[in-house]
Structures are given as C-alpha cells and as structure tokens.
Amino acid sequence: MIDINRFVLKNGLRVVHQYDSSVSTVVLNTLYNVGARDEDENRTGFAHLFEHLMFAGSTNVESFDKEIEEAGGQNNAFTNNEYTNYYISVPVENVETAFWLESDRMLALNINPESLSVQQGVVIEEFKQRCFNAPFGMLWHHVRELLYKKSSYRWPTIGLSFEHIENATLEDVTSFYNQFYLPQNAVLSVVGNLNLEDCKSLCNKWFEPIEKEGFKNENVYLDEAFPHEKRELLAEDLSPNDAVFLVWRGPSFNDDDSLSLDVFADMLGGSDVSELQEVLVKKEQICNAAECFYLRGLGEGLFMLYGILNPGVDKIQVETRLLEVLNSFIDKGLDNKSLFESTQNKAYTGLLFEMISPLTRAQKLALWEHIGDANGINLESDKIKSLTLPTVLDVARQYFKKENVSVIHYSPKQ
Amino acid sequence: MSFRNQRPDTKTIESFDIQDININSSSAGQLYHHHFTPEIGVAKISFWFPCGTIDQERSFISSAAFDLLLAGSSTLSEKEIIERIDYWGASVSCESGTIGSSVTLRCKKEVALDLIQWVITHASSAVYPEDQIENYKFIKSGGLERRMQTPGYWSERIAKEKYYKGSKLGVFGDLSDIEVLTRSEITTFHMKHIHFGNAMIFITGDMDEQKCQEILSYTDSVFHKTFKLKIPASGTFVASGETSRHSMKNSSQVSMFMMKHIGVIDEPTQHKLTLLNLMLGGYFGSRLMQELRENQGLTYGIGSSFRPAYNERTWTVSGEMNSTNAEKALEETLKIMHEFSKTKVSLDELEKAKRYYSGSFRSGFDGPFSSLIKCQHLVMRNLDTDHYRRTLKNIWETDPNQILETANQYLNPKEFEISLAGDI
C-alpha cells in the first residue's frame, strides 16, 4: 500500500503525488490522453511523430535535452494506441528544472519546419528498424489489419506506412498539438524525494497558469463489433521460420475480465513448464517457441496465442494444435488449481517488485489516474488475490471461440 | 509569465554520502555481500560463479549448462522443480557470462531460505536429460536464426571476429555448434565449474542480518572453495584497416559497428574515458547523437559504449543508418571521432557531460538492489571498496587538456575495426 496525494489544478491538470525519501531523484511523468487511435486514417503514425517533436524545444527552452542533461537528469517517452507518456527523472536538487521544462512544452511547443523535417527522417528510420529489419517486424500491422475493418485501432502506433510520416505538414502537427496537448487532457504524476507541500507549490507556479482552450479528449471511437467469423491472413515477413498467430479481441483494462485473461495467459504460457511449452515445444517438437499473452488495452484488449514452427512442420497442424491445447487446458477445469495459485502468487510477487522503481510507480499512478483513480494501484494486489479459478475459466470460455479467432499464417520473405 | 525565461538554478552533484559496499567472508570462507532494505517484502539473492564462456570447449556449452540447470535433477523432473518455485511466486534466472555467470533468485522474503535450499539441491544434482537438451537445441537455434536476420547481428559479429581473431572474445557460435551439443560435454562443464560452494553470494532486499546469517549457514554447508575469478591475460589486438561490407537481402538499413579493445587502464584514465565516451556517443547530448540524428535525421539511434571484455573493455560505436546515406554517416562518424584528438573540447561541453554523469551516477545507487551490480563491478575490475567515493572527485577534476590527451591515446579511428551490414 502506498500513500498517494491527488489534486486538480485550476486549469484541469490532474496531479498525483507520492513521496519517497529513500531515493535521490524525483520523477515527473506526464500522460497525455492521445494516441494512435486519435489519428486520421490518412495520417497515421502521427501521435508517435509528435512525441518526437516534443523534445525539439519550446518558447522558453531552446534545447529540451540539453537542459535535462545539465541538471543531471534523464528523460524519454513512449506512445501507444491510447496514450502518450513522457517522463523526466532528475536529482531532487534540480527538480524545478523538470517542472520548468515539462510545463513549458505543455504551454507552447516550438514547432518549426526544421525540427519537423529532421524528426520525420528519424521516425522513418525507426519505422525501418522496427518493421523491416526485425523478425516479425510487421506483425502488428497484420494483426490490426485483420482484427479491425473500420476502427482506428486498425493501425499500429508506428503508422500504416512511412509515407504518412513523410507527408505530415507543419499545419497538421500544430493542429494536433492544439487539440490534444492541454492541461485538461493530461495527468501529471510526481514520485520521489519531494514532499507534498513543495510539489504543490511547484505545480502552482509552473503548471497552474497554463490555460488553453479546448476539451478533454472524450475517447469516443467507432465501436466496431467483435468479429463473428473466423478471419485469416497469409503474410510474408522477415522471419527464419514459419509461424502461426491466433488473436482474439477482449475486454478493456478497467473490466475485471481483463485481469482474468491476463492471469489465464500466464497460466497457459507464462513459464518454461507451461502447457504450451510442454506440449508443443517439448513433447511434440513442432514449435521452437509457443507462448501467449494478453495485452490489456484501455479501449479493449488483445489475446495472442502463437507458435514459431520447427522446419518442415505444417502451419495448419500448428493452428489446430494451438486451439486444441487451449481448449483442453480450459477443460481441465479445477485440475489446474495448484497452477492457478502459483500464477496468483507470481503475479503478487511481481507487483511487489514493480513497486520498487519510482519510474514504474509514477507511470502506473498516472495511468490509474487517467482511467479514473490513482488509488487503483493499491487495489491491484487485492484484485489478484480475489480472483478464483472458476471465474478465470469462465472468462476464457466466453472469449476464446474458434469461430471468432483471427489467424495469421506467417512465411519467411523470399 | 516572464519567470519562464529564466532557467531555474541547477546544482551540480560533486559528492554525496555513499554507503559502504561491503564484501565479507562467511565462517566457511565464502565471499558475500549483504545489503538490507527493510519493509519492501522482497529479496534478490544472486550466486555468482567464477566461470563462463572462457571455460567452454565450444560455443554454447556454458550457456546450455546454466540454462538447463533446473531442467531435471537426480530426484525430480524440470516440471516438478519449476512448479514448486512458481508456487512460491518466485523466479530464478540463470545467465552465462564470459568469466562470471550467475543464478539469481527473486522472491518474497518469507520463502527466500526455502527457495535457496530448493535451487541449490536441484541445481547441484542437475542431470541434463537428453530430451531437454534436444528441446533446448530447437529453442536456441530458433532464437539464433532470428537474430541472424538482423543487420546489427552481422555488423557486430564480422567486426569482432576480425578484430579478436584467435581470442575467445571473437568467437561467435553457429547453428552447427548448437546442433552438436552433447549431454556429456554439458555435464562435464557442470561438474567442473558450477559449484554453489564456489559462488560469491549477494543477499539484497528485505533480508535482515539474522536472515542473512541463516542463508550463509546453509551455503556454508556446501562450501567448497573461496570465490576467485579467473582473469585471462590481456591480449594485443590490431584493427585490419579495412571496412568490411556485408550485403543482406530484405534489409532496408545499414548497421554500422566499430570497435577496439581497451586493455588495462588505471582509475583516473577510466574516468577520463567515461567522459570522452559520453561526449562521443554515450548520451543523447553526445556529438554522434546530435549530429547524425538531431541535425541530419540519418538514424533513429547511434551511440558508443564500453562493453565488458573479460575484466577489460571493448569500446564500441554502433547504429542503424539510412542506407542511402550510410557511407556519409560513416564518414561523419569518423570525422567526429577524429575531431576529439585534434581540438580541445569546450569547457561547456565537458561541464554538461560531467553534470549528466554525476546525476546518473548518484541515482545508480538508489533502490534496494543497486549495490549488487556495484559490488560485482568492484570484484570484476579488482577495485577497492572506496572506488566509488573517488569517482566524482576524478570526474570533476578532469579538464579539456586531459580529454584531448586521452582522445589522442585511445580514440584514433584507424585503431577501430569497422563493419557495415545490411542494404549495401
């Protein structure tokens, strides 16, 4: 259990504070409620491109990184389909520098043709590195293309193609900033060796005067029904082996079923002696990797079950066996009681380890506050402990039907 | 809001109170490190063995011996061993290094002693079942094949094989090495090298003195020999003088890898090199990152770092480049490297690197498990326990003249082996 303080500034910026005197640093984590799902289908990859531009300096800060580094701090950011997250970690002596920098780029970013052009080049190289030069690099393009037909979840964060990045104009990015980079559309978490009084005082000085017109992102998206038919895709990509990916759409982070699917995934494939490993890799030797995971998204989640094939093995055979292993695992029912308890124990220990890092705490606090209440962080362990095996299995039965699975058969690019 | 024009005062971190990094000896004579952090509820306990790839006859034997350490013992199957560990909510990771390898346990504090006893019992009597070895070959080959499809793998491998020719530092395992792994050679490696009674023990997290002594009293019962790393003699290596170019189909970038060996150096030189490396490519504000990424947009990431080469270092410069401009990027990189030995760095640039380093250095001591890595570093490099107390003093005393001298001595681009791989 961690002690949290929450307050809202007059401009609508929500702040979560947690004091930790055991560390020498303070983390400022800013979450903006904007992600790839907010993009136009002809301008994908925009939220991520914008993340890069946020380091280009602002009206009063010529070089963002230079100032952070001179303060002995570090910073970075990431973007996903649903939000964009920035963090700065600085020595406590220089915490005001972090407030200055983070607030100044919220107030008035310096968007100019030069920085846009350079960052377009950088992001295109990132696109090539991640998507073209890494095995299964285009996987998320294929997955999303198959799962969604209309929704703005149908492209990955990096964008549909790098031409969209190349074509971004100064007007486009300026309008994106004006629409989404508002105090009322953000959450700031402050974690580390800074007491509440000083935190409030710095928030009041640096963030509260920022007033911007606009609205909090209401996150209203095209509601695309779950598929009622099996969907299939044949894909070629950089990969030494054939592979089969099975994907189902699932409940959102806030839905309790989401945690059940997370735990289920860990039971089925989260260990060296998991059912998937034991059957498909070790006993039948048809795969050299067989795993699964549940991606707990804020809008909805994705359950992925996959096998990377050993040479000469048939993809249809692996698809069939993946489904059979999944179903027989569910059918084992209460026979898996001990495995379920182990998985609960591992999840609980995992949470204890996660909470040690101030950066992880800051990121989780901002996320929990964004979805409703930062105190959610303190309820995570109780939620894990209160899960029961019958509930987890019921949820799995509800979501995993072979009639609505999306399947990708991967082959090495020739 | 005119106050925004004024940058808030920033303070430099020139010293701070560093807790002792203790290295003690148990009653039986085993080296151990203990760092207690109350109330966090978890512990991280690591066994560090004085063995690794340097001891193997062929590639992958050491990693197989560690990776399969819990794949079956004289009394239990892998499934039975792992299921118990999982039930405790714990995890165990095994890692094979060059001269040192480790088995690290993460768990709730209540189960730490049981877990240690369990792991030592079954890892000590590991039997390496044939079927597990066969599975391991599939898994390991799959992973290696995937890595082999990236330009980064080949640029590094080609440069290292050429530069470290004749040394184990330049040996890269192939798929054929995995294929011919045998139970007998893995078992022989285990019997010869993996003995928990030879390992240095790191006990960190929520483990008080009493718990620590309980652990030591158990590990003393298997004590065999006091931990001592085998440090190989330093070699002399010379760059080929030619840039290797490896063309890969289906690639859309060019990976650049440059490297040289840095042998035995004294402590002040180490700190000067740290600063020089930072300014070259060691952080976002470095010349490589600023020029090639932020000014020219030629790469998503480029950087330089020191990687361990036994207890010495390999200095590397690497990045994935836009293929149309790869040669230009290489030329630019060489120019930037050369510039350090031609012209003194400015006081501002050096000051910024010092400030950045000092902040990172201090935050590196935060957290309940940080002392584990710091302590291993001291042992690996044979440094005394006051080393960290002298670090910031050395850093802040370094001036531009010393950086120029250091660059002239160590940063000659001609001494770097260079390799390009990908869309060439």
# chains A, B, ... in the order shown; residues from 1 in each chain; ligands from 1
>>> residues_around(residues="region 176-184 of chain A", least_positions_apart="4", cutoff="6 Å", atoms="only C-alpha atoms", output="PDB file with N, CA and C atoms, in the first residue's frame")
ATOM      1  N   GLY A  12      -7.398  22.290 -14.765  1.00  0.00           N
ATOM      2  CA  GLY A  12      -7.891  20.938 -15.052  1.00  0.00           C
ATOM      3  C   GLY A  12      -6.822  19.858 -15.042  1.00  0.00           C
ATOM      4  N   LEU A  13      -5.559  20.256 -14.876  1.00  0.00           N
ATOM      5  CA  LEU A  13      -4.491  19.245 -14.833  1.00  0.00           C
ATOM      6  C   LEU A  13      -4.609  18.429 -13.546  1.00  0.00           C
ATOM      7  N   LYS A 216     -11.124  18.123 -23.011  1.00  0.00           N
ATOM      8  CA  LYS A 216     -10.548  16.835 -22.685  1.00  0.00           C
ATOM      9  C   LYS A 216     -11.006  15.838 -23.742  1.00  0.00           C
TER      10      LYS A 216
END
>>> select_by_dssp(residues="region 225-290 of chain A", states="strand (DSSP E or B)", output="list in words")
Arg231, Glu232, Leu233, Leu234, Ala235, Glu236, Asp237, Ala243, Val244, Phe245, Leu246, Val247, Trp248, Arg249, Gly250, Cys287, Asn288, Ala289 and Ala290 of chain A
>>> residues_around(residues="region 126-143 of chain A", least_positions_apart="6", cutoff="8 Å", atoms="only C-alpha atoms", output="NGL selection string")
(:A and (154-156 or 158 or 160 or 162 or 233 or 235 or 237-240 or 247 or 408)) or (:B and (146-147 or 149-151 or 250-253 or 299-300 or 320))
>>> write_last_selection(atoms="N, CA, C and O atoms", output="short mmCIF file (atom, residue, chain, number, x, y, z; two decimals), in the first residue's frame")
data_model
loop_
_atom_site.label_atom_id
_atom_site.label_comp_id
_atom_site.auth_asym_id
_atom_site.auth_seq_id
_atom_site.Cartn_x
_atom_site.Cartn_y
_atom_site.Cartn_z
N ARG A 154 -7.12 -0.01 -36.14
CA ARG A 154 -6.64 -0.90 -37.18
C ARG A 154 -5.22 -0.58 -37.67
O ARG A 154 -4.73 -1.21 -38.59
N TRP A 155 -4.57 0.41 -37.08
CA TRP A 155 -3.16 0.62 -37.43
C TRP A 155 -2.32 0.64 -36.14
O TRP A 155 -2.80 1.02 -35.08
N PRO A 156 -1.07 0.25 -36.27
CA PRO A 156 -0.20 0.27 -35.09
C PRO A 156 0.34 1.68 -34.83
O PRO A 156 0.23 2.56 -35.69
N ILE A 158 3.23 2.94 -34.82
CA ILE A 158 4.27 3.44 -35.72
C ILE A 158 3.66 3.97 -37.03
O ILE A 158 4.29 4.72 -37.76
N LEU A 160 0.71 3.26 -40.51
CA LEU A 160 0.48 2.28 -41.58
C LEU A 160 1.64 2.23 -42.56
O LEU A 160 2.04 1.17 -43.01
N PHE A 162 5.40 4.63 -43.89
CA PHE A 162 6.17 5.83 -43.55
C PHE A 162 5.89 7.00 -44.49
O PHE A 162 6.30 8.12 -44.23
N LEU A 233 -5.31 -14.63 -42.61
CA LEU A 233 -4.41 -13.81 -43.42
C LEU A 233 -3.12 -14.59 -43.64
O LEU A 233 -2.60 -15.22 -42.71
N ALA A 235 0.76 -14.04 -44.54
CA ALA A 235 1.70 -12.91 -44.56
C ALA A 235 3.12 -13.41 -44.77
O ALA A 235 3.48 -14.49 -44.33
N ASP A 237 7.12 -12.13 -44.19
CA ASP A 237 7.86 -11.13 -43.43
C ASP A 237 9.26 -11.66 -43.17
O ASP A 237 9.54 -12.83 -43.41
N LEU A 238 10.11 -10.79 -42.64
CA LEU A 238 11.43 -11.22 -42.24
C LEU A 238 11.26 -12.21 -41.09
O LEU A 238 10.78 -11.85 -40.01
N SER A 239 11.59 -13.45 -41.33
CA SER A 239 11.47 -14.47 -40.29
C SER A 239 12.13 -15.73 -40.81
O SER A 239 11.96 -16.08 -41.98
N PRO A 240 12.92 -16.40 -39.99
CA PRO A 240 13.59 -17.59 -40.49
C PRO A 240 12.65 -18.79 -40.59
O PRO A 240 12.90 -19.72 -41.33
N VAL A 247 -5.38 -14.67 -32.72
CA VAL A 247 -5.67 -13.47 -31.92
C VAL A 247 -7.17 -13.32 -31.70
O VAL A 247 -7.97 -13.58 -32.59
N ILE A 408 -3.18 -15.65 -38.40
CA ILE A 408 -2.18 -15.22 -39.39
C ILE A 408 -1.19 -16.37 -39.60
O ILE A 408 -0.60 -16.87 -38.64
N ARG B 146 16.72 -16.10 -35.71
CA ARG B 146 16.02 -14.80 -35.77
C ARG B 146 17.01 -13.65 -35.63
O ARG B 146 16.93 -12.65 -36.35
N ARG B 147 17.95 -13.80 -34.71
CA ARG B 147 18.95 -12.72 -34.54
C ARG B 147 19.78 -12.57 -35.82
O ARG B 147 20.18 -11.48 -36.20
N GLN B 149 18.97 -12.64 -38.70
CA GLN B 149 18.29 -11.91 -39.79
C GLN B 149 18.43 -10.40 -39.65
O GLN B 149 17.96 -9.66 -40.51
N THR B 150 19.04 -9.96 -38.57
CA THR B 150 19.15 -8.51 -38.38
C THR B 150 20.54 -8.02 -38.80
O THR B 150 21.54 -8.67 -38.52
N PRO B 151 20.60 -6.85 -39.44
CA PRO B 151 21.91 -6.31 -39.83
C PRO B 151 22.82 -6.09 -38.62
O PRO B 151 24.03 -6.26 -38.70
N ASN B 250 16.62 -8.27 -48.30
CA ASN B 250 15.47 -7.98 -47.42
C ASN B 250 15.81 -7.00 -46.30
O ASN B 250 15.15 -6.99 -45.27
N SER B 251 16.87 -6.25 -46.48
CA SER B 251 17.21 -5.28 -45.44
C SER B 251 17.00 -3.87 -45.97
O SER B 251 17.18 -3.63 -47.17
N SER B 252 16.60 -2.96 -45.12
CA SER B 252 16.33 -1.61 -45.63
C SER B 252 17.19 -0.56 -44.93
O SER B 252 16.96 0.64 -45.10
N GLN B 253 18.13 -1.00 -44.13
CA GLN B 253 19.04 -0.07 -43.48
C GLN B 253 20.45 -0.65 -43.49
O GLN B 253 20.64 -1.79 -43.87
N THR B 299 19.54 8.63 -38.66
CA THR B 299 19.44 7.42 -37.87
C THR B 299 18.40 7.59 -36.76
O THR B 299 18.14 8.72 -36.33
N TYR B 300 17.85 6.47 -36.31
CA TYR B 300 16.98 6.53 -35.13
C TYR B 300 17.85 6.51 -33.88
O TYR B 300 17.56 7.15 -32.88
N GLU B 320 22.10 2.10 -36.55
CA GLU B 320 21.42 1.64 -37.77
C GLU B 320 21.17 2.88 -38.62
O GLU B 320 20.51 3.82 -38.18
#
>>> select_by_dssp(residues="region 172-418 of chain B", states="alpha helix (DSSP H)", output="ChimeraX atom specification")
/B:175-179,183-193,209-220,267-277,287-288,326-342,347-363,370-380,387-397,400-410
>>> residues_around(residues="region 359-375 of chain B", least_positions_apart="6", cutoff="7 Å", atoms="only C-alpha atoms", output="VMD selection string")
(chain A and resid 23 to 25 72 to 73 91) or (chain B and resid 13 21 37 202 204 to 205)
>>> closest_residue(among="A:Val34, A:Val123, A:Val395, A:Leu146", to="chain B", atoms="only C-alpha atoms")
A:Val123
>>> residues_around(residues="Ser346 (chain B)", least_positions_apart="3", cutoff="8 Å", atoms="only C-alpha atoms", output="list in words")
Glu349, Leu350 and Pro400 of chain B
>>> closest_residue(among="B:Ser15, B:Asn135, B:Ser26, B:Ser102", to="chain A", atoms="only C-alpha atoms")
B:Asn135
>>> residues_around(residues="Asn94 (chain A)", least_positions_apart="6", cutoff="7 Å", atoms="only C-alpha atoms", output="ChimeraX atom specification")
/A:71 /B:10-11
>>> write_last_selection(atoms="C-alpha atoms", output="mmCIF file, in the first residue's frame")
data_model
loop_
_atom_site.group_PDB
_atom_site.id
_atom_site.type_symbol
_atom_site.label_atom_id
_atom_site.label_comp_id
_atom_site.auth_asym_id
_atom_site.auth_seq_id
_atom_site.Cartn_x
_atom_site.Cartn_y
_atom_site.Cartn_z
ATOM 1 C CA ALA A 71 20.501 19.073 -14.476
ATOM 2 C CA THR B 10 20.695 23.900 -11.282
ATOM 3 C CA LYS B 11 23.078 22.426 -8.793
#
>>> atom_distance(atom1="CA of Val16 (chain A)", atom2="CA of Glu197 (chain A)")
12.8 Å
>>> closest_residue(among="B:Met321, B:Val180, B:Met256, B:Ala126", to="chain A", atoms="only C-alpha atoms")
B:Met321
>>> closest_residue(among="A:Cys292, A:Ile330, A:Val405, A:Cys287", to="Phe138 (chain B)", atoms="only C-alpha atoms")
A:Cys287
>>> residues_around(residues="Leu276 (chain B)", least_positions_apart="4", cutoff="10 Å", atoms="only C-alpha atoms", output="PDB file with N, CA and C atoms, in the first residue's frame")
ATOM      1  N   GLN B 270      40.291   5.631 -16.558  1.00  0.00           N
ATOM      2  CA  GLN B 270      38.939   5.087 -16.719  1.00  0.00           C
ATOM      3  C   GLN B 270      37.903   6.216 -16.673  1.00  0.00           C
ATOM      4  N   HIS B 271      38.081   7.136 -15.745  1.00  0.00           N
ATOM      5  CA  HIS B 271      37.103   8.219 -15.624  1.00  0.00           C
ATOM      6  C   HIS B 271      37.186   9.205 -16.790  1.00  0.00           C
ATOM      7  N   LYS B 272      38.393   9.430 -17.280  1.00  0.00           N
ATOM      8  CA  LYS B 272      38.516  10.323 -18.445  1.00  0.00           C
ATOM      9  C   LYS B 272      37.864   9.674 -19.671  1.00  0.00           C
ATOM     10  N   LEU B 280      31.299  11.565 -26.980  1.00  0.00           N
ATOM     11  CA  LEU B 280      31.291  10.967 -28.318  1.00  0.00           C
ATOM     12  C   LEU B 280      29.897  10.423 -28.675  1.00  0.00           C
ATOM     13  N   GLY B 281      29.383   9.503 -27.849  1.00  0.00           N
ATOM     14  CA  GLY B 281      28.089   8.902 -28.208  1.00  0.00           C
ATOM     15  C   GLY B 281      27.392   8.255 -27.025  1.00  0.00           C
ATOM     16  N   GLY B 282      27.777   8.655 -25.824  1.00  0.00           N
ATOM     17  CA  GLY B 282      27.280   7.971 -24.632  1.00  0.00           C
ATOM     18  C   GLY B 282      25.978   8.495 -24.066  1.00  0.00           C
ATOM     19  N   SER B 286      25.329  13.744 -26.868  1.00  0.00           N
ATOM     20  CA  SER B 286      26.642  13.470 -27.458  1.00  0.00           C
ATOM     21  C   SER B 286      26.718  13.999 -28.889  1.00  0.00           C
ATOM     22  N   PHE B 340      37.965  14.854 -31.791  1.00  0.00           N
ATOM     23  CA  PHE B 340      38.286  14.856 -30.355  1.00  0.00           C
ATOM     24  C   PHE B 340      39.799  14.874 -30.099  1.00  0.00           C
ATOM     25  N   VAL B 345      37.951  19.922 -26.316  1.00  0.00           N
ATOM     26  CA  VAL B 345      36.507  20.140 -26.114  1.00  0.00           C
ATOM     27  C   VAL B 345      36.318  21.429 -25.311  1.00  0.00           C
ATOM     28  N   LEU B 350      32.199  19.862 -21.754  1.00  0.00           N
ATOM     29  CA  LEU B 350      32.713  18.952 -20.729  1.00  0.00           C
ATOM     30  C   LEU B 350      31.885  19.063 -19.446  1.00  0.00           C
ATOM     31  N   ALA B 353      28.660  17.165 -19.751  1.00  0.00           N
ATOM     32  CA  ALA B 353      28.855  15.711 -19.608  1.00  0.00           C
ATOM     33  C   ALA B 353      29.069  15.342 -18.136  1.00  0.00           C
ATOM     34  N   PRO B 400      39.734  19.863 -20.116  1.00  0.00           N
ATOM     35  CA  PRO B 400      39.770  19.634 -21.576  1.00  0.00           C
ATOM     36  C   PRO B 400      41.114  19.129 -22.085  1.00  0.00           C
ATOM     37  N   GLN B 402      43.143  17.107 -20.570  1.00  0.00           N
ATOM     38  CA  GLN B 402      43.229  15.665 -20.296  1.00  0.00           C
ATOM     39  C   GLN B 402      42.354  14.868 -21.269  1.00  0.00           C
ATOM     40  N   ILE B 403      41.215  15.458 -21.631  1.00  0.00           N
ATOM     41  CA  ILE B 403      40.338  14.774 -22.599  1.00  0.00           C
ATOM     42  C   ILE B 403      41.050  14.693 -23.957  1.00  0.00           C
ATOM     43  N   LEU B 404      41.737  15.773 -24.324  1.00  0.00           N
ATOM     44  CA  LEU B 404      42.490  15.783 -25.585  1.00  0.00           C
ATOM     45  C   LEU B 404      43.565  14.694 -25.568  1.00  0.00           C
ATOM     46  N   THR B 406      43.645  12.023 -23.711  1.00  0.00           N
ATOM     47  CA  THR B 406      43.002  10.697 -23.694  1.00  0.00           C
ATOM     48  C   THR B 406      42.522  10.324 -25.095  1.00  0.00           C
ATOM     49  N   ALA B 407      41.958  11.311 -25.784  1.00  0.00           N
ATOM     50  CA  ALA B 407      41.478  11.038 -27.154  1.00  0.00           C
ATOM     51  C   ALA B 407      42.655  10.671 -28.051  1.00  0.00           C
ATOM     52  N   TYR B 410      43.627   7.070 -27.120  1.00  0.00           N
ATOM     53  CA  TYR B 410      42.690   5.941 -27.269  1.00  0.00           C
ATOM     54  C   TYR B 410      41.688   6.062 -28.412  1.00  0.00           C
ATOM     55  N   LEU B 411      41.459   7.263 -28.908  1.00  0.00           N
ATOM     56  CA  LEU B 411      40.362   7.426 -29.873  1.00  0.00           C
ATOM     57  C   LEU B 411      40.870   7.709 -31.292  1.00  0.00           C
TER      58      LEU B 411
END
